[in-house]
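First comes the structure, then the notes that go with it.
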Amino acid sequence: MAHFGIQATPPMPPGQTDQNAWAAALQNGWISNPKVPLTQVHYLEKVTLSPPCDPLTAHTFTRRMLALPLTINGPQGSEPDGKASWWTSYFNTKATGHAKRAWVQGHLLNHHIHGPGVAENLVPITDQLNRIMEKWAEKMVKEMVLAKGFILKYQVTADWRCGMRVGKGADWQGNASKHAQAMHDALDSLQKGECLAPTSLQWEACVIQWDGHQWVDVAPVQFSGYEGIENGIFSNSWN
């Protein structure tokens, strides 16, 4: 005779250290493969900018997004919600007529791999840069995680460096603090608020594994196929 009872909760897989997060993910239906842990996304650094054209406002961006680990398991991502202050104030093409610039709300973590469409995960980038990132970085990351089941460390960094002085490349906070004014001074063709856009995005990924105590790097992911992408960095464009 068959006996049916309450199905046992799958135990936490290697690398999953938060029992409450694992239980919540199971309850929410976020687990596609119970043998791998839940994606964890960290927004590690923040940049707050005030544009010279609108000095009484301040807009905060994430500089560095780290997904560690990035796995097939995680919440469903979403398209941009359109609520970021910089988007509603300046870049929304319906509101400001910036259509020729083709600005978009660029995900730091793509929405197909658990990235939410909220301000903390979005930065203003051109449609050109968004397409490059999608084709030469995100496509590979999505295939590795969703189709092939790899576990990755994936990081995307935005930089605001128009105000960078020679020899000060590591001072990201100082560079960012000067960026909006430097953009305003350097480019007389800017539309209102465009001085807030980062100068570049950089992405990097590595296959990782759990050694029983921590995540360790196994093999870096090589992004290639487009001039300027081999080192995983590409500039925003105001052309």
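Residue numbering restarts at 1 for every chain of the structure tokens, chains are lettered A, B, ... in their displayed order, and ligands are numbered from 1 as they appear.
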
For this session: From a DSSP calculation on the backbone, collect every residue of region 5-181 of chain A in strand (DSSP E) and output the set as a count of residues only.
Result: 39

For this session: Fewer than 5 positions away in the same chain doesn't count, so skip those; otherwise give me all residues within 9 Å of Gly106 (chain A), counting only C-alpha atoms, as a VMD selection string.
Result: chain A and resid 80 121 to 127 129 to 130

Residues from last step as file, C-alpha atoms, as a CSV table (one decimal), in the first residue's frame:
chain,number,residue,atom,x,y,z
A,80,PRO,CA,12.5,48.4,-15.0
A,121,ASN,CA,19.9,47.6,-9.9
A,122,LEU,CA,19.6,50.2,-12.7
A,123,VAL,CA,21.8,52.9,-14.2
A,124,PRO,CA,21.3,55.2,-17.2
A,125,ILE,CA,23.1,53.9,-20.3
A,126,THR,CA,22.7,54.3,-24.0
A,127,ASP,CA,20.7,51.7,-26.0
A,129,LEU,CA,25.8,50.0,-24.6
A,130,ASN,CA,22.8,48.1,-23.4

For this session: Please run DSSP on the backbone and report, as number ranges by chain, all residues within chain A that come out as alpha helix (DSSP H).
Result: A: 19-28, 85-86, 93-96, 127-133, 139-142, 172-186

Store the residues of this selection in a file with N, CA and C atoms, as a short mmCIF file (atom, residue, chain, number, x, y, z; two decimals), in the first residue's frame.
data_model
loop_
_atom_site.label_atom_id
_atom_site.label_comp_id
_atom_site.auth_asym_id
_atom_site.auth_seq_id
_atom_site.Cartn_x
_atom_site.Cartn_y
_atom_site.Cartn_z
N GLN A 19 19.48 29.14 6.46
CA GLN A 19 18.33 28.23 6.47
C GLN A 19 17.02 28.98 6.23
N ASN A 20 16.88 30.17 6.80
CA ASN A 20 15.65 30.94 6.62
C ASN A 20 15.46 31.37 5.16
N ALA A 21 16.56 31.80 4.52
CA ALA A 21 16.48 32.20 3.12
C ALA A 21 16.13 31.00 2.24
N TRP A 22 16.69 29.84 2.56
CA TRP A 22 16.41 28.62 1.79
C TRP A 22 14.94 28.22 1.94
N ALA A 23 14.41 28.28 3.15
CA ALA A 23 13.02 27.93 3.38
C ALA A 23 12.09 28.90 2.66
N ALA A 24 12.41 30.20 2.71
CA ALA A 24 11.58 31.19 2.03
C ALA A 24 11.62 30.99 0.52
N ALA A 25 12.80 30.67 -0.01
CA ALA A 25 12.92 30.45 -1.45
C ALA A 25 12.10 29.24 -1.90
N LEU A 26 12.12 28.19 -1.10
CA LEU A 26 11.31 27.01 -1.40
C LEU A 26 9.82 27.36 -1.40
N GLN A 27 9.42 28.13 -0.40
CA GLN A 27 8.02 28.51 -0.26
C GLN A 27 7.57 29.38 -1.43
N ASN A 28 8.46 30.23 -1.92
CA ASN A 28 8.12 31.14 -3.01
C ASN A 28 8.29 30.53 -4.40
N SER A 85 14.51 58.09 -9.58
CA SER A 85 14.37 59.55 -9.63
C SER A 85 15.04 60.15 -10.85
N TRP A 86 16.20 59.62 -11.24
CA TRP A 86 16.89 60.15 -12.41
C TRP A 86 16.14 59.85 -13.70
N THR A 93 12.00 59.30 -22.06
CA THR A 93 11.88 59.97 -23.36
C THR A 93 10.52 60.60 -23.56
N LYS A 94 9.48 60.04 -22.95
CA LYS A 94 8.15 60.61 -23.10
C LYS A 94 8.05 61.97 -22.39
N ALA A 95 8.87 62.12 -21.33
CA ALA A 95 8.78 63.35 -20.55
C ALA A 95 9.74 64.43 -21.03
N THR A 96 10.90 64.03 -21.58
CA THR A 96 11.93 65.02 -21.85
C THR A 96 12.36 65.12 -23.30
N ASP A 127 21.24 52.97 -25.38
CA ASP A 127 20.74 51.73 -25.96
C ASP A 127 21.88 50.94 -26.60
N GLN A 128 22.86 51.65 -27.18
CA GLN A 128 24.01 50.99 -27.80
C GLN A 128 24.78 50.16 -26.78
N LEU A 129 25.10 50.77 -25.64
CA LEU A 129 25.84 50.04 -24.61
C LEU A 129 25.00 48.91 -24.05
N ASN A 130 23.72 49.12 -23.89
CA ASN A 130 22.84 48.07 -23.39
C ASN A 130 22.84 46.85 -24.31
N ARG A 131 22.83 47.10 -25.61
CA ARG A 131 22.84 46.00 -26.58
C ARG A 131 24.17 45.27 -26.58
N ILE A 132 25.26 46.02 -26.45
CA ILE A 132 26.58 45.40 -26.38
C ILE A 132 26.68 44.51 -25.15
N MET A 133 26.26 45.03 -24.03
CA MET A 133 26.32 44.25 -22.79
C MET A 133 25.47 42.99 -22.89
N LYS A 139 24.38 37.43 -22.44
CA LYS A 139 23.97 36.23 -23.16
C LYS A 139 24.77 35.02 -22.69
N MET A 140 26.08 35.22 -22.54
CA MET A 140 26.94 34.12 -22.11
C MET A 140 26.64 33.74 -20.66
N VAL A 141 26.46 34.73 -19.81
CA VAL A 141 26.19 34.46 -18.40
C VAL A 141 24.86 33.71 -18.25
N LYS A 142 23.85 34.16 -18.98
CA LYS A 142 22.54 33.49 -18.91
C LYS A 142 22.64 32.04 -19.37
N TRP A 172 37.59 56.05 -6.74
CA TRP A 172 36.29 56.10 -7.42
C TRP A 172 35.35 57.10 -6.77
N GLN A 173 35.42 57.27 -5.46
CA GLN A 173 34.55 58.23 -4.80
C GLN A 173 34.90 59.67 -5.19
N GLY A 174 36.21 59.96 -5.23
CA GLY A 174 36.64 61.29 -5.65
C GLY A 174 36.30 61.58 -7.09
N ASN A 175 36.49 60.57 -7.96
CA ASN A 175 36.15 60.74 -9.36
C ASN A 175 34.67 61.02 -9.53
N ALA A 176 33.85 60.24 -8.83
CA ALA A 176 32.40 60.39 -8.96
C ALA A 176 31.93 61.74 -8.46
N SER A 177 32.56 62.24 -7.40
CA SER A 177 32.12 63.52 -6.84
C SER A 177 32.34 64.67 -7.82
N LYS A 178 33.29 64.52 -8.74
CA LYS A 178 33.60 65.56 -9.72
C LYS A 178 32.94 65.33 -11.07
N HIS A 179 32.35 64.16 -11.23
CA HIS A 179 31.89 63.73 -12.55
C HIS A 179 30.83 64.65 -13.17
N ALA A 180 29.77 64.93 -12.42
CA ALA A 180 28.65 65.68 -12.99
C ALA A 180 29.10 67.07 -13.45
N GLN A 181 29.88 67.76 -12.63
CA GLN A 181 30.35 69.10 -13.01
C GLN A 181 31.31 69.02 -14.19
N ALA A 182 32.19 68.01 -14.19
CA ALA A 182 33.14 67.86 -15.29
C ALA A 182 32.41 67.56 -16.60
N MET A 183 31.39 66.74 -16.55
CA MET A 183 30.59 66.45 -17.74
C MET A 183 29.92 67.73 -18.23
N HIS A 184 29.36 68.48 -17.31
CA HIS A 184 28.68 69.73 -17.65
C HIS A 184 29.64 70.71 -18.32
N ASP A 185 30.87 70.77 -17.83
CA ASP A 185 31.86 71.69 -18.37
C ASP A 185 32.42 71.23 -19.71
N ALA A 186 32.53 69.91 -19.89
CA ALA A 186 33.21 69.38 -21.07
C ALA A 186 32.32 69.27 -22.30
#

Could the residues of region 52-142 of chain A that have an atom at most 12 Å from region 195-212 of chain A be listed as CSV, each with its closest atom pair and the distance in Å to one decimal, counting only C-alpha atoms and ordered by chain and ascending residue number?
residue,atom,partner,partner_atom,distance
A:Pro52,CA,A:Cys195,CA,8.5
A:Cys53,CA,A:Cys195,CA,9.0
A:Asp54,CA,A:Cys195,CA,10.6
A:Pro55,CA,A:Leu196,CA,11.9
A:Thr57,CA,A:Leu196,CA,11.6
A:Ala58,CA,A:Leu196,CA,10.1
A:His59,CA,A:Leu196,CA,8.4
A:Thr60,CA,A:Leu196,CA,9.8
A:Phe61,CA,A:Leu196,CA,9.5
A:Thr62,CA,A:Pro198,CA,10.7
A:Arg63,CA,A:Pro198,CA,9.2
A:Arg64,CA,A:Gln202,CA,9.5
A:Met65,CA,A:Trp203,CA,9.6
A:Leu66,CA,A:Ala205,CA,9.7
A:Ala67,CA,A:Ala205,CA,9.4
A:Leu68,CA,A:Ile208,CA,9.1
A:Pro69,CA,A:Ile208,CA,7.9
A:Leu70,CA,A:Ile208,CA,9.4
A:Thr71,CA,A:Ile208,CA,10.5
A:Ser85,CA,A:Leu196,CA,11.4
A:Trp86,CA,A:Leu196,CA,8.1
A:Trp87,CA,A:Leu196,CA,10.5
A:Ser89,CA,A:Leu196,CA,11.4
A:Tyr90,CA,A:Leu196,CA,9.6
A:Phe91,CA,A:Ala197,CA,9.8
A:Arg101,CA,A:Ala197,CA,11.8
A:Trp103,CA,A:Ala197,CA,9.5
A:Val104,CA,A:Ala197,CA,10.6
A:Gln105,CA,A:Ala197,CA,10.5
A:Gly106,CA,A:Leu201,CA,10.2
A:His107,CA,A:Leu201,CA,10.9
A:Leu108,CA,A:Leu201,CA,8.9
A:Leu109,CA,A:Trp203,CA,10.2
A:Asn110,CA,A:Trp203,CA,11.9
A:Leu122,CA,A:Ala197,CA,11.1
A:Val123,CA,A:Ala197,CA,7.3
A:Pro124,CA,A:Ala197,CA,5.4
A:Ile125,CA,A:Ala197,CA,6.5
A:Thr126,CA,A:Ala197,CA,9.0
A:Leu129,CA,A:Leu201,CA,8.6
A:Asn130,CA,A:Leu201,CA,9.8
A:Ile132,CA,A:Leu201,CA,10.7
A:Met133,CA,A:Trp203,CA,8.6
A:Glu134,CA,A:Trp203,CA,11.2
A:Trp136,CA,A:Trp203,CA,10.2
A:Ala137,CA,A:Trp203,CA,7.4
A:Glu138,CA,A:Trp203,CA,9.3
A:Met140,CA,A:Ala205,CA,10.1
A:Val141,CA,A:Ala205,CA,8.0
A:Lys142,CA,A:Ala205,CA,11.5

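Each of A:Pro75, A:Glu143, A:Gly29, A:Val47 was compared to Arg161 (chain A) using only C-alpha atoms, and A:Val47 turns out to be the nearest.
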
For this session: Counting only C-alpha atoms, figure out which residue out of A:Gln16, A:Ile113, A:Pro11, A:Lys46 gets nearest to Tyr154 (chain A).
Result: A:Ile113

Seminar exercise, completed: One residue among A:Gly193, A:His112, A:Met144, A:Pro51 is nearest to Gln222 (chain A) when using only C-alpha atoms, and that residue is A:Met144

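Remark: for Cys162 (chain A), the closest of the candidate residues A:Asn236, A:Asn33, A:Ser78, A:Thr48 is A:Asn236 (distances computed over only C-alpha atoms).
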
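For the pair CA of Trp160 (chain A) and CA of Gly77 (chain A), the interatomic distance is 26.0 Å.
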
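Taking CA of Pro14 (chain A) and CA of Thr157 (chain A) as endpoints, the distance between them is 27.9 Å.
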